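**Student:** Contents are PDB, C-alpha atoms; file name input25.pdb:
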```
ATOM      1  CA  MET X 277     -46.455  30.901  31.069
ATOM      2  CA  ASN X 278     -48.264  28.572  33.426
ATOM      3  CA  VAL X 279     -45.839  26.363  35.373
ATOM      4  CA  TYR X 280     -47.748  23.249  34.330
ATOM      5  CA  GLN X 281     -46.812  23.993  30.707
ATOM      6  CA  LEU X 282     -43.157  23.475  31.666
ATOM      7  CA  PHE X 283     -43.584  19.907  32.951
ATOM      8  CA  PRO X 284     -43.979  18.157  29.553
ATOM      9  CA  LYS X 285     -40.639  19.403  28.210
ATOM     10  CA  ILE X 286     -38.487  18.357  31.206
ATOM     11  CA  LYS X 287     -35.841  15.742  30.332
ATOM     12  CA  ALA X 288     -33.774  15.864  33.526
ATOM     13  CA  ILE X 289     -34.333  16.394  37.218
ATOM     14  CA  VAL X 290     -31.437  17.162  39.533
ATOM     15  CA  MET X 291     -31.767  17.606  43.269
ATOM     16  CA  ASP X 292     -30.073  18.358  46.542
ATOM     17  CA  ILE X 293     -30.262  15.854  49.406
ATOM     18  CA  ASP X 294     -30.505  17.526  52.818
ATOM     19  CA  GLY X 295     -33.770  19.412  53.180
ATOM     20  CA  VAL X 296     -35.116  17.995  49.913
ATOM     21  CA  LEU X 297     -34.839  14.226  50.254
ATOM     22  CA  THR X 298     -34.389  14.441  54.023
ATOM     23  CA  ASP X 299     -36.258  16.416  56.668
ATOM     24  CA  ASN X 300     -33.207  18.511  57.662
ATOM     25  CA  LYS X 301     -32.627  16.418  60.766
ATOM     26  CA  ILE X 302     -29.453  14.469  61.467
ATOM     27  CA  LEU X 303     -29.304  11.822  64.167
ATOM     28  CA  VAL X 304     -25.884  11.403  65.745
ATOM     29  CA  THR X 305     -24.959   7.994  67.167
ATOM     30  CA  GLU X 306     -22.709   7.444  70.177
ATOM     31  CA  GLU X 307     -19.957   6.527  67.705
ATOM     32  CA  GLY X 308     -20.338   9.883  65.956
ATOM     33  CA  GLN X 309     -22.087   8.550  62.858
ATOM     34  CA  PHE X 310     -24.644  10.784  61.176
ATOM     35  CA  LEU X 311     -27.961   9.199  60.216
ATOM     36  CA  ARG X 312     -30.580  10.660  57.883
ATOM     37  CA  SER X 313     -34.139   9.597  57.212
ATOM     38  CA  MET X 314     -35.485   9.445  53.645
ATOM     39  CA  ASN X 315     -38.987   8.974  52.312
ATOM     40  CA  VAL X 316     -39.644   5.686  50.490
ATOM     41  CA  LYS X 317     -42.179   7.398  48.212
ATOM     42  CA  ASP X 318     -39.488   9.799  47.000
ATOM     43  CA  GLY X 319     -37.323   6.788  46.200
ATOM     44  CA  TYR X 320     -40.129   5.105  44.287
ATOM     45  CA  ALA X 321     -40.687   8.254  42.227
ATOM     46  CA  ILE X 322     -36.980   8.457  41.392
ATOM     47  CA  LYS X 323     -37.098   4.870  40.103
ATOM     48  CA  ARG X 324     -40.201   5.695  38.044
ATOM     49  CA  ALA X 325     -38.479   8.778  36.603
ATOM     50  CA  LEU X 326     -35.505   6.694  35.503
ATOM     51  CA  GLN X 327     -37.785   4.035  33.999
ATOM     52  CA  ALA X 328     -39.620   6.757  32.071
ATOM     53  CA  GLY X 329     -36.341   7.973  30.586
ATOM     54  CA  LEU X 330     -35.768  11.082  32.680
ATOM     55  CA  ARG X 331     -32.175  11.814  33.586
ATOM     56  CA  VAL X 332     -31.763  12.004  37.367
ATOM     57  CA  GLY X 333     -28.848  13.552  39.217
ATOM     58  CA  ILE X 334     -27.883  14.357  42.790
ATOM     59  CA  ILE X 335     -25.688  17.338  43.702
ATOM     60  CA  SER X 336     -25.093  17.836  47.420
ATOM     61  CA  GLY X 337     -22.745  19.687  49.691
ATOM     62  CA  GLY X 338     -23.003  16.783  52.129
ATOM     63  CA  ARG X 339     -20.578  13.884  52.055
ATOM     64  CA  SER X 340     -22.580  10.919  53.365
ATOM     65  CA  GLU X 341     -21.565   7.681  51.673
ATOM     66  CA  GLY X 342     -24.736   6.117  53.068
ATOM     67  CA  THR X 343     -26.802   8.434  50.900
ATOM     68  CA  ARG X 344     -24.653   7.536  47.882
ATOM     69  CA  LYS X 345     -25.498   3.869  48.443
ATOM     70  CA  ARG X 346     -29.197   4.691  48.708
ATOM     71  CA  PHE X 347     -29.250   6.446  45.331
ATOM     72  CA  GLU X 348     -27.094   3.812  43.660
ATOM     73  CA  LEU X 349     -29.647   1.195  44.761
ATOM     74  CA  LEU X 350     -32.368   3.304  43.134
ATOM     75  CA  GLY X 351     -30.409   3.339  39.869
ATOM     76  CA  VAL X 352     -29.086   6.906  39.994
ATOM     77  CA  ARG X 353     -25.652   7.037  38.369
ATOM     78  CA  GLU X 354     -24.881  10.742  38.641
ATOM     79  CA  ILE X 355     -24.243  11.383  42.344
ATOM     80  CA  TYR X 356     -22.008  14.291  43.348
ATOM     81  CA  LEU X 357     -21.274  14.732  47.059
ATOM     82  CA  GLY X 358     -19.197  17.328  48.905
ATOM     83  CA  ILE X 359     -19.814  19.900  46.179
ATOM     84  CA  GLU X 360     -19.254  23.591  46.857
ATOM     85  CA  ASN X 361     -19.897  24.947  43.353
ATOM     86  CA  LYS X 362     -23.132  23.208  42.417
ATOM     87  CA  LEU X 363     -23.691  25.236  39.247
ATOM     88  CA  GLU X 364     -20.349  24.168  37.794
ATOM     89  CA  VAL X 365     -21.204  20.510  38.411
ATOM     90  CA  LEU X 366     -24.703  20.958  36.957
ATOM     91  CA  ASN X 367     -23.272  22.518  33.799
ATOM     92  CA  GLN X 368     -20.845  19.608  33.364
ATOM     93  CA  LEU X 369     -23.618  17.102  34.026
ATOM     94  CA  LEU X 370     -26.003  18.636  31.499
ATOM     95  CA  LYS X 371     -23.212  18.780  28.927
ATOM     96  CA  SER X 372     -22.494  15.067  29.460
ATOM     97  CA  TRP X 373     -26.210  14.369  28.934
ATOM     98  CA  ASN X 374     -26.202  16.593  25.838
ATOM     99  CA  ILE X 375     -29.076  18.733  27.143
ATOM    100  CA  ASP X 376     -29.330  22.295  28.419
ATOM    101  CA  HIS X 377     -30.949  24.240  31.244
ATOM    102  CA  SER X 378     -34.173  24.705  29.260
ATOM    103  CA  VAL X 379     -35.210  21.071  29.826
ATOM    104  CA  CYS X 380     -33.935  20.714  33.388
ATOM    105  CA  ALA X 381     -35.770  20.786  36.709
ATOM    106  CA  TYR X 382     -33.868  21.277  39.956
ATOM    107  CA  VAL X 383     -35.150  20.740  43.487
ATOM    108  CA  GLY X 384     -33.406  22.734  46.195
ATOM    109  CA  ASP X 385     -34.220  24.157  49.590
ATOM    110  CA  ASP X 386     -31.460  26.470  50.801
ATOM    111  CA  LEU X 387     -28.982  29.153  49.744
ATOM    112  CA  PRO X 388     -26.360  26.793  48.230
ATOM    113  CA  ASP X 389     -29.027  25.915  45.624
ATOM    114  CA  LEU X 390     -29.894  29.490  44.687
ATOM    115  CA  GLU X 391     -27.436  29.910  41.810
ATOM    116  CA  ILE X 392     -28.658  26.750  40.063
ATOM    117  CA  MET X 393     -32.290  27.633  40.619
ATOM    118  CA  ARG X 394     -31.809  30.910  38.789
ATOM    119  CA  VAL X 395     -30.680  29.167  35.576
ATOM    120  CA  VAL X 396     -32.777  25.999  35.195
ATOM    121  CA  GLU X 397     -36.127  26.065  33.426
ATOM    122  CA  LEU X 398     -38.062  24.516  36.297
ATOM    123  CA  PRO X 399     -36.750  25.427  39.758
ATOM    124  CA  CYS X 400     -38.743  23.583  42.434
ATOM    125  CA  CYS X 401     -38.640  23.411  46.209
ATOM    126  CA  PRO X 402     -40.305  21.824  49.222
ATOM    127  CA  SER X 403     -42.813  23.969  51.093
ATOM    128  CA  ASP X 404     -40.362  24.501  53.967
ATOM    129  CA  ALA X 405     -37.536  25.914  51.831
ATOM    130  CA  VAL X 406     -35.925  29.197  52.866
ATOM    131  CA  PRO X 407     -37.640  32.373  51.576
ATOM    132  CA  GLU X 408     -34.917  33.127  49.015
ATOM    133  CA  ILE X 409     -35.464  29.731  47.381
ATOM    134  CA  ILE X 410     -39.248  29.995  47.500
ATOM    135  CA  SER X 411     -39.036  33.373  45.762
ATOM    136  CA  VAL X 412     -37.198  31.928  42.713
ATOM    137  CA  SER X 413     -39.117  28.635  42.521
ATOM    138  CA  LYS X 414     -41.636  28.133  39.750
ATOM    139  CA  TYR X 415     -43.130  25.133  41.554
ATOM    140  CA  ILE X 416     -43.424  24.909  45.340
ATOM    141  CA  ALA X 417     -44.426  21.444  46.494
ATOM    142  CA  SER X 418     -47.145  21.166  49.101
ATOM    143  CA  ALA X 419     -44.950  18.593  50.884
ATOM    144  CA  THR X 420     -41.979  19.490  53.057
ATOM    145  CA  GLY X 421     -38.446  18.233  52.523
ATOM    146  CA  GLY X 422     -38.070  14.525  53.264
ATOM    147  CA  ASN X 423     -41.824  14.069  53.306
ATOM    148  CA  GLY X 424     -42.652  13.383  49.685
ATOM    149  CA  CYS X 425     -41.831  16.642  47.923
ATOM    150  CA  VAL X 426     -39.674  14.870  45.319
ATOM    151  CA  ARG X 427     -42.450  12.330  44.722
ATOM    152  CA  GLU X 428     -44.910  15.173  44.193
ATOM    153  CA  ILE X 429     -42.663  16.969  41.697
ATOM    154  CA  ILE X 430     -41.683  13.866  39.722
ATOM    155  CA  GLU X 431     -45.294  12.716  39.635
ATOM    156  CA  LYS X 432     -46.386  16.072  38.149
ATOM    157  CA  ILE X 433     -43.641  15.906  35.501
ATOM    158  CA  LEU X 434     -44.390  12.312  34.529
ATOM    159  CA  GLN X 435     -48.163  12.869  34.517
ATOM    160  CA  ALA X 436     -47.673  15.777  32.114
ATOM    161  CA  GLN X 437     -45.651  13.415  29.903
ATOM    162  CA  ASP X 438     -48.225  10.593  30.144
ATOM    163  CA  SER X 439     -45.597   8.433  31.855
ATOM    164  CA  TRP X 440     -46.946   8.070  35.395
TER     165      TRP X 440
END
```
How does this structure look as structure tokens?

**Tutor:**
Amino acid sequence: MNVYQLFPKIKAIVMDIDGVLTDNKILVTEEGQFLRSMNVKDGYAIKRALQAGLRVGIISGGRSEGTRKRFELLGVREIYLGIENKLEVLNQLLKSWNIDHSVCAYVGDDLPDLEIMRVVELPCCPSDAVPEIISVSKYIASATGGNGCVREIIEKILQAQDSW
């Protein structure tokens, strides 16, 4: 099956933060605060996805409350931070949405995402993901993490659903 045939049936997109919505860099202030940079175009696409009726979730091993605030402002309600077992959280999330893996896309970039990427219908990654993630991804964005890869993926899904 051509990957583009999967886009129309997607009802949910779940993603990691670091390396997907950020560029893998963390700035450390003199006070010891960690700062991340996020792409505004990714944020716009997330808002468009929600407006189009897609379910959107965040599952991250990181614990930054600043990122939580960012996604809350975008309208994302399902934000899970500090997660070690991402697959368990994904399964609970999909159950709460009353959907299954066959209509779910996931965007990940590193080994903690591997287990989820093996079970969702549409595993996606930025172009700078680790080789293990690239090898299981059905869609590899041309953009790198933090530089519009989420925008690219959401745009493809919504275009296939005539919702972009």

**Student:** Using all atoms listed in the file for the distances, tell me which of X:Arg312, X:Lys362, X:Arg346, X:Lys317 is nearest to Met291 (chain X).

**Tutor:**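 Smallest distance to Met291 (chain X) is found for X:Lys362.
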
**Student:** Given the file shown, determine the residues that the PyMOL selection byres ((chain X and resi 338) around 9) selects; report them as a list in words.

**Tutor:**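 After applying the PyMOL selection byres ((chain X and resi 338) around 9), what remains is Ile293, Asp294, Ile335, Ser336, Gly337, Arg339, Ser340, Leu357, Gly358 and Ile359 of chain X.
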
**Student:** Please measure the separation of CA of Gln437 (chain X) and CA of Ile334 (chain X), giving the value in Å to one decimal.

**Tutor:**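 Taking CA of Gln437 (chain X) and CA of Ile334 (chain X), their separation equals 22.0 Å.
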
**Student:** For the provided coordinates, the residues matched by the PyMOL selection byres ((chain X and resi 403) around 10) should be stated as a ChimeraX atom specification.

**Tutor:** /X:296,385,400-402,404-407,410,415-421,425

**Student:** Need the shell around Ser313 (chain X): protein/DNA/RNA residues with any atom at most 9 Å away, counting all atoms listed in the file. Skip same-chain ones fewer than 6 positions apart. Format as a list in words?

**Tutor:** Leu297, Thr298, Asp299, Asn300, Lys301, Ile302, Leu303 and Gly422 of chain X

**Student:** With only C-alpha atoms as the basis for distance, which of X:Glu306, X:Gly329, X:Tyr320, X:Tyr382 is at the shortest distance from Ser439 (chain X)?

**Tutor:**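 The shortest atom-to-atom distance to Ser439 (chain X) comes from X:Gly329.
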
**Student:** Work out how far CA of Ile433 (chain X) is from CA of Met393 (chain X), in Å to one decimal.

**Tutor:**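 That distance, rounded to one decimal, is 17.1 Å.
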
**Student:** Take CA of Gln327 (chain X) and CA of Val365 (chain X) and report the distance between them in Å, one decimal.

**Tutor:** 23.8 Å

**Student:** Which residue is closest to Gln368 (chain X)? Choose from X:Ala381, X:Asn423, X:Asn315, X:Tyr356 and count only C-alpha atoms.

**Tutor:**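 Among the listed residues, the smallest separation from Gln368 (chain X) belongs to X:Tyr356.
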
**Student:** Spell out the residues picked by the PyMOL selection byres ((chain X and resi 427) around 8) here, as number ranges by chain.

**Tutor:** X: 317-322, 424-426, 428-431
